[in-house]
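These notes are about the structure you will find just below.
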Amino acid sequence: MASSARLAPPRLALRGIGKRFGVTVANDGIDLTVAAGEIHALLGENGAGKSTLVKIIYGVQQPDEGEILWDGVPVTMGDPNAARALGIGMVFQHFSLFETLTVAENIALGLASREPIAALSGRIAATAARYGLAVDPGRPVHHLSVGERQRVEILRCLLQEPKLLIMDEPTSVLTPQEVEGLFAMLRRLAAEGCSVLYISHKLAEIQALCDDATVLRAGRVVAQCNPRTTSPSHMAEMMIGRALAAAPPRVQSAPGAAVLVAEGLSLPAEDPFGTALRAVSFMLRGGEILGIAGVAGNGQKALLAALTGERPAPRAEDVTLAGVPVGRKGAAARRRAGLAAVPEERLGRSAVAELSLTENALLTGTEGDFAAHGFVRFPLLRRFARGVIDTFKVVAAGEAATAGSLSGGNMQKFIIGREMGHAPKVLIAAHPTWGVDVGAAQAIHQALRDMAAGGVGVLIISEDLDEILSLCDRIAVLHGGVLSPAQAVGTVTIDEIGLLMGGMAHAA
Amino acid sequence: MAVLAPVLAPVLAPVLAVVLAALGAALLFAALGRDPLACLHTLFIAPLADRNGWSELALKATPLLLCAIGIAVGVRANVWNIGAEGQFTMGAIAGGATALVLGPAGGWYVLPLVLLAGIAGGAAWGGVAALLRTRFNAHEILVTLMLSYVAIQVLGWLVRGPMQDPEGFNFPQSRLFDPSALLPALFEGGRVTVAAVFAVLTVPLGALLLGRTVMGYRLRVVGLAPGAARYAGFSERGAVWFCLLLSGGLAGLAGICEVAGPIGQLMPSISPGYGFAGIIVAFLGRLQPVGIVFASLLMALLYLGGESLQITQQLPLAATGVIQGMLLLFLLAADVLTLYRPRWVRRRAHG
């Protein structure tokens with residue numbers, strides 16, 4: 001009834017894939033079909049089973065049940081080498097590149113062949129030119145931006161002429177212009193017949209790029225849809241299993257007094273591959289949310305450390321907190337003066353995995369509140385932890401559960417709740433919804449809005465531009481350790497922000 | 001069973017290590033041409049046959065317990081005091097000097113001052129390592145270890161020089177301490193002194209410090225997650241100073257309690273390696289004060305049994321050292337194997 005081309009078996013077909021870890025069911029009876037030359041979205045919240053499924057396809061893990069068909073033939077992927085041999089390439093969210101080696105050397109390490117570097121460099125340059133991926137094979141990786149590093153990872157896959165390319169959340173580290181470039185490259189690849197499995201939770205991107213979408217929830221396929229004809233809100237509903245409440249419009253309170261001011265703040269890089277801060281200045285008022293956008297690795301770590309006091313600034317007047325110069329003060333002193341911070345990394349940084357939630361509540365608690373004569377007042381602390389758990393609907397086995405037993409989203413809700421509980425004047429949050437599911441992200445964003453409404457100055461440092469644009473009143477861009485002047489979010493275009501993120505402000 | 005494993009493993013690992021060390025000891029005895037069962041009996045059972053044996057056990061467990069509690073608190077904060085032996089020696093020197101100077105005058109105040117001087121001597125020696133670590137980033141593992149040998153040499157020089165007993169027929173030892181500078185025996189006829197009470201007191205105090213105080217909480221955070229400690233603003237330097245002064249002071253107390261107790265004078269050799277054995281005790285006791293009580297008793301038994309082996313089986317003292325070493329080796333191996341599962345993989349062709 002159809003032409004023979006239509007009857008050709010799909011590039012990849014999964015039939016009833018199941019995978020269990022102990023009592024947790026990560027994948028349950030998953031069917032997925034990706035045609036040749038198709039860009040297929042795999043959509044789902046954190047913990048929906050996307051990573052497990054992708055690891056099974058790439059041969060990192062073995063399914064407990066079900067079968068994998070490759071061009072219609074059943075296959076077993078014993079390890080990633082087997083998957084690569086079939087023509088599957090994968091670009092991970094976290095890159096595996098050696099900073100001190102050149103692009104060509106890094107790519108050579110990933111290839112099994114003993115091709116001379118010079119010949120390989122030629123092939124890299126040719127492939128790069130063909131797909132519009134501007135990368136110099138001879139440059140050391142530590143000179144490259146995050147976007148360029150991603151191109152190296154993509155090139156590493158393309159050199160093996162893949163038939164299926166798996167991209168795991170590739171746009172989270174890119175500027176808007178870089179995202180456009182990536183999409184053009186993926187469309188071209190698809191046009192040449194290579195299939196793309198695109199993992200993301202950014203619905204707008206999926207709509208713009210993908211031909212088909214499979215939605216996972218709690219380890220099962222809950223829907224299959226055409227993203228071009230399905231509304232983003234409907235896709236979100238399928239993904240989280242209920243309707244997302246629209247965020248109430250933020251009541252813009254009259255901006256209060258300046259609560260956090262940086263004045264010509266400079267700080268040398270901590271390590272040879274780090275970024276120094278160069279004369280960063282901004283003013284955060286009580287009741288507003290200021291967003292600092294920028295591609296990762298442009299000084300965000302140094303800025304956070306300098307503002308929280310983990311690395312004191314050279315001069316006291318570099319940082320002013322509620323009118324008091326605190327540049328030379330350490331983290332504990334700044335916290336006592338009303339500063340709260342939520343770093344990007346949770347376990348090992350804003351929480352200790354091995355300790356209970358009660359004990360983690362003490363991490364940033366001031367001694368007057370939770371201790372007497374050097375002894376911890378555990379009953380008070382437990383009540384505080386329980387209050388945070390209840391208020392923020394943290395899913396945990398009580399306040400005695402260890403921080404390590406919580407999911408990323410729940411841990412982040414607990415941390416933000418803990419910091420709010422200390423009634424700060426300023427809250428600094430770095431990428432507060434990183435690795436957090438949609439429901440938790442919404443709760444966290446609402447909590448941040450509520451804080452601002454209560455007069456707290458909120459500073460968001462994030463690589464997620466969508467997050468900043470939806471949350472913040474004003475936006476500034478950090479590039480190469482230099483902070484652009486803050487502008488009201490409504491008055492600035494995505495293109496302008498993208499140029500600032502790419503360090504081409506003068507060209508704009 | 002699989003659910004219980006994470007709870008039981010930390011407790012079972014030391015038990016398994018003790019069993020394996022005993023088996024290893026039996027093999028060692030057999031290789032040395034002795035009857036392994038008789039030797040094991042001499043090592044583990046004979047020493048506890050009478051009341052005096054238990055007294056001797058408490059005597060030897062006391063310095064081990066004092067050293068190990070301090071070491072454990074340090075390790076929990078990621079501060080590795082490997083040189084309790086040196087702080088033990090410095091405590092003995094400082095306290096012993098006080099005893100030699102003040103003792104002849106007599107008075108109730110002599111003994112407290114002697115003990116305080118012992119604590120201060122050990123703490124000061126730990127403080128040297130803390131200073132070098134916080135000032136010059138010289139790691140305490142190396143510094144404390146090397147300072148141990150310095151302390152032992154200083155003691156050797158003192159008892160052959162300034163502190164030598166002028167009426168001692170040129171033996172390398174000090175005068176006997178005045179009775180006013182000696183710790184009273186715990187009961188008539190035994191050698192164990194009130195130092196055992198000090199040691200036992202450190203157990204609840206150590207547990208209280210780690211579990212209930214803000215300081216103990218900070219130490220644990222510094223040890224578990226240095227990044228979280230920096231975020232919270234807990235001082236790593238403060239932790240280094242606190243731990244080295246505390247463990248140095250406790251080791252110093254152990255040292256002065258030995259010389260102002262069973263030994264009664266300063267001499268070149270005042271410790272059969274209590275400070276080093278304290279490291280094994282701390283880990284065998286899972287860095288938990290209560291666990292350390294059991295571990296120190298076991299280690300004391302090894303010392304006692306080792307002495308009996310020398311007498312009844314003519315085995316060298318080194319045999320005891322080998323058994324101690326096997327105990328630590330098996331414990332570390334058991335810990336590694338409870339945390340990691342070894343996988344035998346064939347080398348890949350292109351690997």
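Simple scheme: letters A, B, ... for chains in structure tokens order, numbers from 1 for residues in each chain, numbers from 1 for ligands in the order shown.
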Test item: chain B residues at most 8 Å from chain A, counting only C-alpha atoms, as a ChimeraX atom specification: /B:212-215,221,224-234,350
Write out as a PyMOL selection string all residues of segment 104-237 of chain A that DSSP puts in alpha helix (DSSP H) for this structure's backbone. chain A and resi 104-110+117-130+146-158+176-191+203-209+232-237
Contact residues around Leu132 of chain B with only C-alpha atoms at 12 Å, ignoring same-chain residues under 5 positions, as number ranges by chain: B: 125-127, 137-144, 147, 237, 240-241, 244
Mind dumping the selected residues with C-alpha atoms as a short mmCIF file (atom, residue, chain, number, x, y, z; two decimals), in the first residue's frame?
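File produced: result-v5.cif:
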data_model
loop_
_atom_site.label_atom_id
_atom_site.label_comp_id
_atom_site.auth_asym_id
_atom_site.auth_seq_id
_atom_site.Cartn_x
_atom_site.Cartn_y
_atom_site.Cartn_z
CA TRP B 125 53.98 19.63 69.84
CA GLY B 126 50.70 19.25 67.94
CA GLY B 127 50.59 23.03 67.63
CA ASN B 137 50.63 24.35 53.92
CA ALA B 138 53.00 21.61 55.07
CA HIS B 139 50.79 18.57 55.39
CA GLU B 140 50.25 17.35 58.94
CA ILE B 141 50.61 13.68 57.99
CA LEU B 142 54.30 14.20 57.21
CA VAL B 143 55.01 16.86 59.81
CA THR B 144 53.45 15.07 62.78
CA LEU B 147 58.12 15.43 64.71
CA ARG B 237 42.46 26.62 59.76
CA VAL B 240 43.35 22.18 61.97
CA TRP B 241 44.38 24.08 65.11
CA LEU B 244 45.98 19.13 66.55
#
From the options A:Val221, A:Leu203, A:Ile124, A:Val426, which residue's atoms come nearest to Leu260 of chain A, counting only C-alpha atoms?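 Closest candidate: A:Val426.
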Can you tell me which residues surround Gly291 of chain B at a distance of at most 12 Å, considering only C-alpha atoms, apart from same-chain residues fewer than 2 positions away, and format the answer as a PyMOL selection string? chain B and resi 10-11+14-15+65+68-69+72+203-204+206-207+281-289+293-298
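If you look at atom CA of Tyr303 of chain B and atom CA of Arg76 of chain B, they are 26.6 Å away from each other.
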Grab the atom CA of Val73 of chain B to atom CA of Leu145 of chain B distance for me, in Å with one decimal place.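 Calculated distance between atom CA of Val73 of chain B and atom CA of Leu145 of chain B is 17.6 Å.
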When DSSP works through the backbone of this structure, what residues of segment 417-493 of chain A end up as strand (DSSP E), shown as a list in words?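 DSSP on the backbone gives strand (DSSP E) at Val426, Leu427, Ile428, Ala429, Ala430, Gly457, Val458, Leu459, Ile460, Ile461, Arg474, Ile475, Ala476, Val477, Leu478, His479, Val482, Leu483, Gln487 and Ala488 of chain A.
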Within 12 Å of Ser247 of chain B using only C-alpha atoms, minus same-chain residues under 6 positions, as a PDB file with N, CA and C atoms, in the first residue's frame:
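Saved to around11.pdb:
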ATOM      1  N   LEU B  65      43.541   4.524  74.498  1.00  0.00           N
ATOM      2  CA  LEU B  65      42.243   5.185  74.429  1.00  0.00           C
ATOM      3  C   LEU B  65      42.433   6.697  74.320  1.00  0.00           C
ATOM      4  N   LEU B  66      43.306   7.253  75.154  1.00  0.00           N
ATOM      5  CA  LEU B  66      43.531   8.704  75.137  1.00  0.00           C
ATOM      6  C   LEU B  66      44.039   9.148  73.765  1.00  0.00           C
ATOM      7  N   CYS B  67      45.027   8.436  73.236  1.00  0.00           N
ATOM      8  CA  CYS B  67      45.578   8.823  71.925  1.00  0.00           C
ATOM      9  C   CYS B  67      44.531   8.670  70.831  1.00  0.00           C
ATOM     10  N   ALA B  68      43.781   7.546  70.877  1.00  0.00           N
ATOM     11  CA  ALA B  68      42.877   7.229  69.766  1.00  0.00           C
ATOM     12  C   ALA B  68      41.694   8.187  69.706  1.00  0.00           C
ATOM     13  N   ILE B  69      41.180   8.603  70.861  1.00  0.00           N
ATOM     14  CA  ILE B  69      40.036   9.532  70.845  1.00  0.00           C
ATOM     15  C   ILE B  69      40.446  10.824  70.137  1.00  0.00           C
ATOM     16  N   GLY B  70      41.622  11.333  70.486  1.00  0.00           N
ATOM     17  CA  GLY B  70      42.091  12.569  69.842  1.00  0.00           C
ATOM     18  C   GLY B  70      42.309  12.381  68.356  1.00  0.00           C
ATOM     19  N   ILE B  71      42.935  11.268  68.000  1.00  0.00           N
ATOM     20  CA  ILE B  71      43.191  10.999  66.577  1.00  0.00           C
ATOM     21  C   ILE B  71      41.869  10.915  65.820  1.00  0.00           C
ATOM     22  N   ALA B  72      40.872  10.236  66.429  1.00  0.00           N
ATOM     23  CA  ALA B  72      39.588  10.037  65.747  1.00  0.00           C
ATOM     24  C   ALA B  72      38.882  11.369  65.504  1.00  0.00           C
ATOM     25  N   VAL B  73      38.872  12.248  66.517  1.00  0.00           N
ATOM     26  CA  VAL B  73      38.231  13.550  66.323  1.00  0.00           C
ATOM     27  C   VAL B  73      38.900  14.273  65.159  1.00  0.00           C
ATOM     28  N   GLY B  74      40.235  14.187  65.097  1.00  0.00           N
ATOM     29  CA  GLY B  74      40.950  14.833  64.003  1.00  0.00           C
ATOM     30  C   GLY B  74      40.577  14.258  62.650  1.00  0.00           C
ATOM     31  N   VAL B  75      40.585  12.934  62.551  1.00  0.00           N
ATOM     32  CA  VAL B  75      40.300  12.308  61.246  1.00  0.00           C
ATOM     33  C   VAL B  75      38.880  12.646  60.794  1.00  0.00           C
ATOM     34  N   ALA B  77      37.517  15.351  61.069  1.00  0.00           N
ATOM     35  CA  ALA B  77      37.601  16.675  60.454  1.00  0.00           C
ATOM     36  C   ALA B  77      38.652  16.699  59.350  1.00  0.00           C
ATOM     37  N   VAL B  79      41.729  15.964  59.552  1.00  0.00           N
ATOM     38  CA  VAL B  79      43.037  16.395  60.044  1.00  0.00           C
ATOM     39  C   VAL B  79      43.730  15.136  60.572  1.00  0.00           C
ATOM     40  N   TRP B  80      44.809  14.758  59.927  1.00  0.00           N
ATOM     41  CA  TRP B  80      45.410  13.451  60.176  1.00  0.00           C
ATOM     42  C   TRP B  80      46.634  13.587  61.067  1.00  0.00           C
ATOM     43  N   ASN B  81      46.417  13.355  62.363  1.00  0.00           N
ATOM     44  CA  ASN B  81      47.526  13.402  63.304  1.00  0.00           C
ATOM     45  C   ASN B  81      48.138  12.007  63.399  1.00  0.00           C
ATOM     46  N   ILE B  82      49.250  11.827  62.693  1.00  0.00           N
ATOM     47  CA  ILE B  82      49.917  10.527  62.675  1.00  0.00           C
ATOM     48  C   ILE B  82      50.980  10.490  63.779  1.00  0.00           C
ATOM     49  N   GLY B  83      51.210  11.636  64.425  1.00  0.00           N
ATOM     50  CA  GLY B  83      52.337  11.746  65.344  1.00  0.00           C
ATOM     51  C   GLY B  83      51.952  11.809  66.808  1.00  0.00           C
ATOM     52  N   ALA B  84      50.902  11.054  67.204  1.00  0.00           N
ATOM     53  CA  ALA B  84      50.553  11.038  68.628  1.00  0.00           C
ATOM     54  C   ALA B  84      51.735  10.543  69.451  1.00  0.00           C
ATOM     55  N   GLU B  85      52.552   9.662  68.863  1.00  0.00           N
ATOM     56  CA  GLU B  85      53.724   9.144  69.579  1.00  0.00           C
ATOM     57  C   GLU B  85      54.638  10.300  70.019  1.00  0.00           C
ATOM     58  N   GLY B  86      54.835  11.257  69.144  1.00  0.00           N
ATOM     59  CA  GLY B  86      55.687  12.402  69.475  1.00  0.00           C
ATOM     60  C   GLY B  86      55.057  13.293  70.532  1.00  0.00           C
ATOM     61  N   GLN B  87      53.748  13.524  70.403  1.00  0.00           N
ATOM     62  CA  GLN B  87      53.063  14.364  71.389  1.00  0.00           C
ATOM     63  C   GLN B  87      53.021  13.653  72.748  1.00  0.00           C
ATOM     64  N   PHE B  88      52.885  12.350  72.714  1.00  0.00           N
ATOM     65  CA  PHE B  88      52.960  11.519  73.925  1.00  0.00           C
ATOM     66  C   PHE B  88      54.312  11.749  74.598  1.00  0.00           C
ATOM     67  N   GLY B  91      54.655  15.305  75.954  1.00  0.00           N
ATOM     68  CA  GLY B  91      53.870  15.429  77.177  1.00  0.00           C
ATOM     69  C   GLY B  91      54.626  14.842  78.355  1.00  0.00           C
ATOM     70  N   ILE B 119      49.786  17.837  79.380  1.00  0.00           N
ATOM     71  CA  ILE B 119      48.826  18.184  78.333  1.00  0.00           C
ATOM     72  C   ILE B 119      49.394  19.307  77.465  1.00  0.00           C
ATOM     73  N   ALA B 120      49.960  20.324  78.136  1.00  0.00           N
ATOM     74  CA  ALA B 120      50.489  21.474  77.405  1.00  0.00           C
ATOM     75  C   ALA B 120      51.632  21.052  76.483  1.00  0.00           C
ATOM     76  N   GLY B 121      52.494  20.154  76.977  1.00  0.00           N
ATOM     77  CA  GLY B 121      53.615  19.704  76.154  1.00  0.00           C
ATOM     78  C   GLY B 121      53.142  19.010  74.892  1.00  0.00           C
ATOM     79  N   GLY B 122      52.171  18.108  75.051  1.00  0.00           N
ATOM     80  CA  GLY B 122      51.650  17.400  73.883  1.00  0.00           C
ATOM     81  C   GLY B 122      50.943  18.352  72.931  1.00  0.00           C
ATOM     82  N   ALA B 123      50.137  19.270  73.491  1.00  0.00           N
ATOM     83  CA  ALA B 123      49.397  20.218  72.661  1.00  0.00           C
ATOM     84  C   ALA B 123      50.367  21.116  71.895  1.00  0.00           C
ATOM     85  N   ALA B 124      51.445  21.531  72.570  1.00  0.00           N
ATOM     86  CA  ALA B 124      52.420  22.400  71.907  1.00  0.00           C
ATOM     87  C   ALA B 124      53.057  21.677  70.721  1.00  0.00           C
ATOM     88  N   TRP B 125      53.350  20.388  70.921  1.00  0.00           N
ATOM     89  CA  TRP B 125      53.978  19.630  69.835  1.00  0.00           C
ATOM     90  C   TRP B 125      52.999  19.477  68.662  1.00  0.00           C
ATOM     91  N   GLY B 126      51.712  19.258  68.988  1.00  0.00           N
ATOM     92  CA  GLY B 126      50.697  19.249  67.940  1.00  0.00           C
ATOM     93  C   GLY B 126      50.565  20.625  67.302  1.00  0.00           C
ATOM     94  N   GLY B 127      50.714  21.665  68.129  1.00  0.00           N
ATOM     95  CA  GLY B 127      50.594  23.031  67.626  1.00  0.00           C
ATOM     96  C   GLY B 127      51.667  23.372  66.605  1.00  0.00           C
ATOM     97  N   ALA B 129      52.816  21.385  64.384  1.00  0.00           N
ATOM     98  CA  ALA B 129      52.303  20.858  63.110  1.00  0.00           C
ATOM     99  C   ALA B 129      51.177  21.748  62.582  1.00  0.00           C
ATOM    100  N   ALA B 130      50.314  22.220  63.486  1.00  0.00           N
ATOM    101  CA  ALA B 130      49.207  23.085  63.071  1.00  0.00           C
ATOM    102  C   ALA B 130      49.743  24.376  62.459  1.00  0.00           C
ATOM    103  N   THR B 144      53.636  15.692  61.467  1.00  0.00           N
ATOM    104  CA  THR B 144      53.452  15.067  62.780  1.00  0.00           C
ATOM    105  C   THR B 144      54.293  13.794  62.881  1.00  0.00           C
ATOM    106  N   THR B 202      37.089  10.565  78.636  1.00  0.00           N
ATOM    107  CA  THR B 202      37.183  11.167  77.307  1.00  0.00           C
ATOM    108  C   THR B 202      36.163  10.566  76.353  1.00  0.00           C
ATOM    109  N   GLY B 206      34.133  12.949  74.219  1.00  0.00           N
ATOM    110  CA  GLY B 206      34.359  12.936  72.773  1.00  0.00           C
ATOM    111  C   GLY B 206      33.050  12.785  72.014  1.00  0.00           C
ATOM    112  N   ALA B 239      39.814  24.434  62.307  1.00  0.00           N
ATOM    113  CA  ALA B 239      39.664  22.992  62.524  1.00  0.00           C
ATOM    114  C   ALA B 239      41.028  22.339  62.701  1.00  0.00           C
ATOM    115  N   VAL B 240      41.997  22.757  61.879  1.00  0.00           N
ATOM    116  CA  VAL B 240      43.346  22.182  61.975  1.00  0.00           C
ATOM    117  C   VAL B 240      43.936  22.459  63.353  1.00  0.00           C
ATOM    118  N   TRP B 241      43.850  23.724  63.791  1.00  0.00           N
ATOM    119  CA  TRP B 241      44.382  24.077  65.108  1.00  0.00           C
ATOM    120  C   TRP B 241      43.683  23.311  66.216  1.00  0.00           C
ATOM    121  N   LEU B 253      48.704  13.951  77.629  1.00  0.00           N
ATOM    122  CA  LEU B 253      48.171  13.446  78.896  1.00  0.00           C
ATOM    123  C   LEU B 253      48.512  11.960  79.041  1.00  0.00           C
ATOM    124  N   ALA B 254      48.351  11.226  77.934  1.00  0.00           N
ATOM    125  CA  ALA B 254      48.697   9.798  77.973  1.00  0.00           C
ATOM    126  C   ALA B 254      50.170   9.631  78.337  1.00  0.00           C
ATOM    127  N   GLY B 275      51.333   5.636  70.640  1.00  0.00           N
ATOM    128  CA  GLY B 275      50.837   6.698  69.756  1.00  0.00           C
ATOM    129  C   GLY B 275      50.526   6.178  68.365  1.00  0.00           C
ATOM    130  N   GLY B 278      47.612   3.833  68.447  1.00  0.00           N
ATOM    131  CA  GLY B 278      46.376   4.605  68.605  1.00  0.00           C
ATOM    132  C   GLY B 278      45.695   4.874  67.274  1.00  0.00           C
ATOM    133  N   ILE B 279      46.492   4.983  66.209  1.00  0.00           N
ATOM    134  CA  ILE B 279      45.906   5.198  64.876  1.00  0.00           C
ATOM    135  C   ILE B 279      45.075   3.981  64.486  1.00  0.00           C
ATOM    136  N   ALA B 282      41.937   3.880  66.547  1.00  0.00           N
ATOM    137  CA  ALA B 282      40.929   4.853  66.121  1.00  0.00           C
ATOM    138  C   ALA B 282      40.131   4.313  64.936  1.00  0.00           C
TER     139      ALA B 282
END
For Pro63 of chain B, which residue out of B:Ala196, B:Leu339, B:Ile263, B:Ala13 is the nearest one, using only C-alpha atoms? B:Ala196
If we count only C-alpha atoms, what is near Val438 of chain A at a cut-off of 8 Å, once residues fewer than 4 positions away on the same chain are taken out, given as a count of residues only? 3
Can you list, as a JSON list (two decimals) with N, CA, C and O atoms, in the first residue's frame, every protein, DNA or RNA residue that comes within 12 Å of Pro112 of chain B when you count only C-alpha atoms, leaving out same-chain residues fewer than 3 positions away?
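And here is the file that came out, out.json:
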[["chain", "number", "residue", "atom", "x", "y", "z"],
["B", 95, "GLY", "N", 55.74, 17.22, 81.39],
["B", 95, "GLY", "CA", 55.21, 16.85, 82.69],
["B", 95, "GLY", "C", 56.31, 16.31, 83.60],
["B", 95, "GLY", "O", 56.36, 16.63, 84.79],
["B", 98, "THR", "N", 58.39, 19.07, 85.02],
["B", 98, "THR", "CA", 57.65, 19.71, 86.11],
["B", 98, "THR", "C", 57.75, 18.87, 87.38],
["B", 98, "THR", "O", 57.96, 19.39, 88.48],
["B", 99, "ALA", "N", 57.58, 17.56, 87.21],
["B", 99, "ALA", "CA", 57.65, 16.66, 88.37],
["B", 99, "ALA", "C", 59.02, 16.72, 89.02],
["B", 99, "ALA", "O", 59.16, 16.75, 90.25],
["B", 102, "LEU", "N", 59.28, 20.44, 90.71],
["B", 102, "LEU", "CA", 58.37, 20.76, 91.82],
["B", 102, "LEU", "C", 58.24, 19.63, 92.83],
["B", 102, "LEU", "O", 57.90, 19.86, 93.99],
["B", 103, "GLY", "N", 58.49, 18.40, 92.38],
["B", 103, "GLY", "CA", 58.24, 17.24, 93.22],
["B", 103, "GLY", "C", 58.88, 17.30, 94.59],
["B", 103, "GLY", "O", 58.19, 17.10, 95.60],
["B", 107, "GLY", "N", 53.47, 18.83, 98.11],
["B", 107, "GLY", "CA", 52.26, 19.66, 98.08],
["B", 107, "GLY", "C", 51.22, 19.08, 97.16],
["B", 107, "GLY", "O", 51.51, 18.38, 96.20],
["B", 108, "TRP", "N", 49.96, 19.43, 97.46],
["B", 108, "TRP", "CA", 48.83, 18.86, 96.70],
["B", 108, "TRP", "C", 48.82, 19.36, 95.26],
["B", 108, "TRP", "O", 48.25, 18.75, 94.38],
["B", 109, "TYR", "N", 49.44, 20.54, 95.06],
["B", 109, "TYR", "CA", 49.34, 21.18, 93.75],
["B", 109, "TYR", "C", 50.28, 20.54, 92.72],
["B", 109, "TYR", "O", 50.19, 20.81, 91.54],
["B", 115, "LEU", "N", 50.27, 17.16, 85.48],
["B", 115, "LEU", "CA", 49.35, 16.71, 84.43],
["B", 115, "LEU", "C", 49.11, 17.82, 83.41],
["B", 115, "LEU", "O", 49.12, 17.59, 82.19],
["B", 116, "LEU", "N", 48.89, 19.06, 83.92],
["B", 116, "LEU", "CA", 48.66, 20.18, 83.02],
["B", 116, "LEU", "C", 49.87, 20.40, 82.12],
["B", 116, "LEU", "O", 49.74, 20.66, 80.91],
["B", 117, "ALA", "N", 51.06, 20.28, 82.71],
["B", 117, "ALA", "CA", 52.27, 20.46, 81.90],
["B", 117, "ALA", "C", 52.35, 19.38, 80.83],
["B", 117, "ALA", "O", 52.75, 19.65, 79.69],
["B", 118, "GLY", "N", 51.94, 18.16, 81.18],
["B", 118, "GLY", "CA", 51.94, 17.08, 80.20],
["B", 118, "GLY", "C", 51.00, 17.38, 79.04],
["B", 118, "GLY", "O", 51.36, 17.23, 77.86],
["B", 119, "ILE", "N", 49.79, 17.84, 79.38],
["B", 119, "ILE", "CA", 48.83, 18.18, 78.33],
["B", 119, "ILE", "C", 49.39, 19.31, 77.46],
["B", 119, "ILE", "O", 49.34, 19.26, 76.23],
["B", 180, "SER", "N", 54.70, 12.83, 95.48],
["B", 180, "SER", "CA", 53.68, 13.86, 95.31],
["B", 180, "SER", "C", 53.39, 14.11, 93.84],
["B", 180, "SER", "O", 52.37, 14.70, 93.49],
["B", 181, "ALA", "N", 54.28, 13.67, 92.95],
["B", 181, "ALA", "CA", 54.09, 13.87, 91.52],
["B", 181, "ALA", "C", 53.59, 12.61, 90.84],
["B", 181, "ALA", "O", 53.48, 12.57, 89.62],
["B", 182, "LEU", "N", 53.28, 11.58, 91.60],
["B", 182, "LEU", "CA", 52.86, 10.31, 91.01],
["B", 182, "LEU", "C", 51.34, 10.14, 91.11],
["B", 182, "LEU", "O", 50.72, 10.55, 92.08],
["B", 183, "LEU", "N", 50.76, 9.53, 90.07],
["B", 183, "LEU", "CA", 49.33, 9.27, 90.07],
["B", 183, "LEU", "C", 49.01, 8.16, 91.05],
["B", 183, "LEU", "O", 49.72, 7.15, 91.08],
["B", 253, "LEU", "N", 48.70, 13.95, 77.63],
["B", 253, "LEU", "CA", 48.17, 13.45, 78.90],
["B", 253, "LEU", "C", 48.51, 11.96, 79.04],
["B", 253, "LEU", "O", 48.91, 11.50, 80.11],
["B", 256, "ILE", "N", 52.27, 11.74, 80.01],
["B", 256, "ILE", "CA", 52.62, 12.06, 81.39],
["B", 256, "ILE", "C", 52.04, 11.02, 82.35],
["B", 256, "ILE", "O", 52.64, 10.68, 83.37],
["B", 257, "CYS", "N", 50.86, 10.46, 81.99],
["B", 257, "CYS", "CA", 50.27, 9.44, 82.86],
["B", 257, "CYS", "C", 51.10, 8.16, 82.86],
["B", 257, "CYS", "O", 51.10, 7.42, 83.85],
["B", 260, "ALA", "N", 54.35, 9.37, 84.98],
["B", 260, "ALA", "CA", 53.98, 9.65, 86.37],
["B", 260, "ALA", "C", 53.13, 8.52, 86.94],
["B", 260, "ALA", "O", 52.51, 8.67, 87.98]]
May I ask which of the residues A:Ile57, A:Leu284, A:Val173, A:Ala8 is the closest one to Gln93 of chain A, counting only C-alpha atoms?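 For Gln93 of chain A, the nearest of the candidates is A:Val173.
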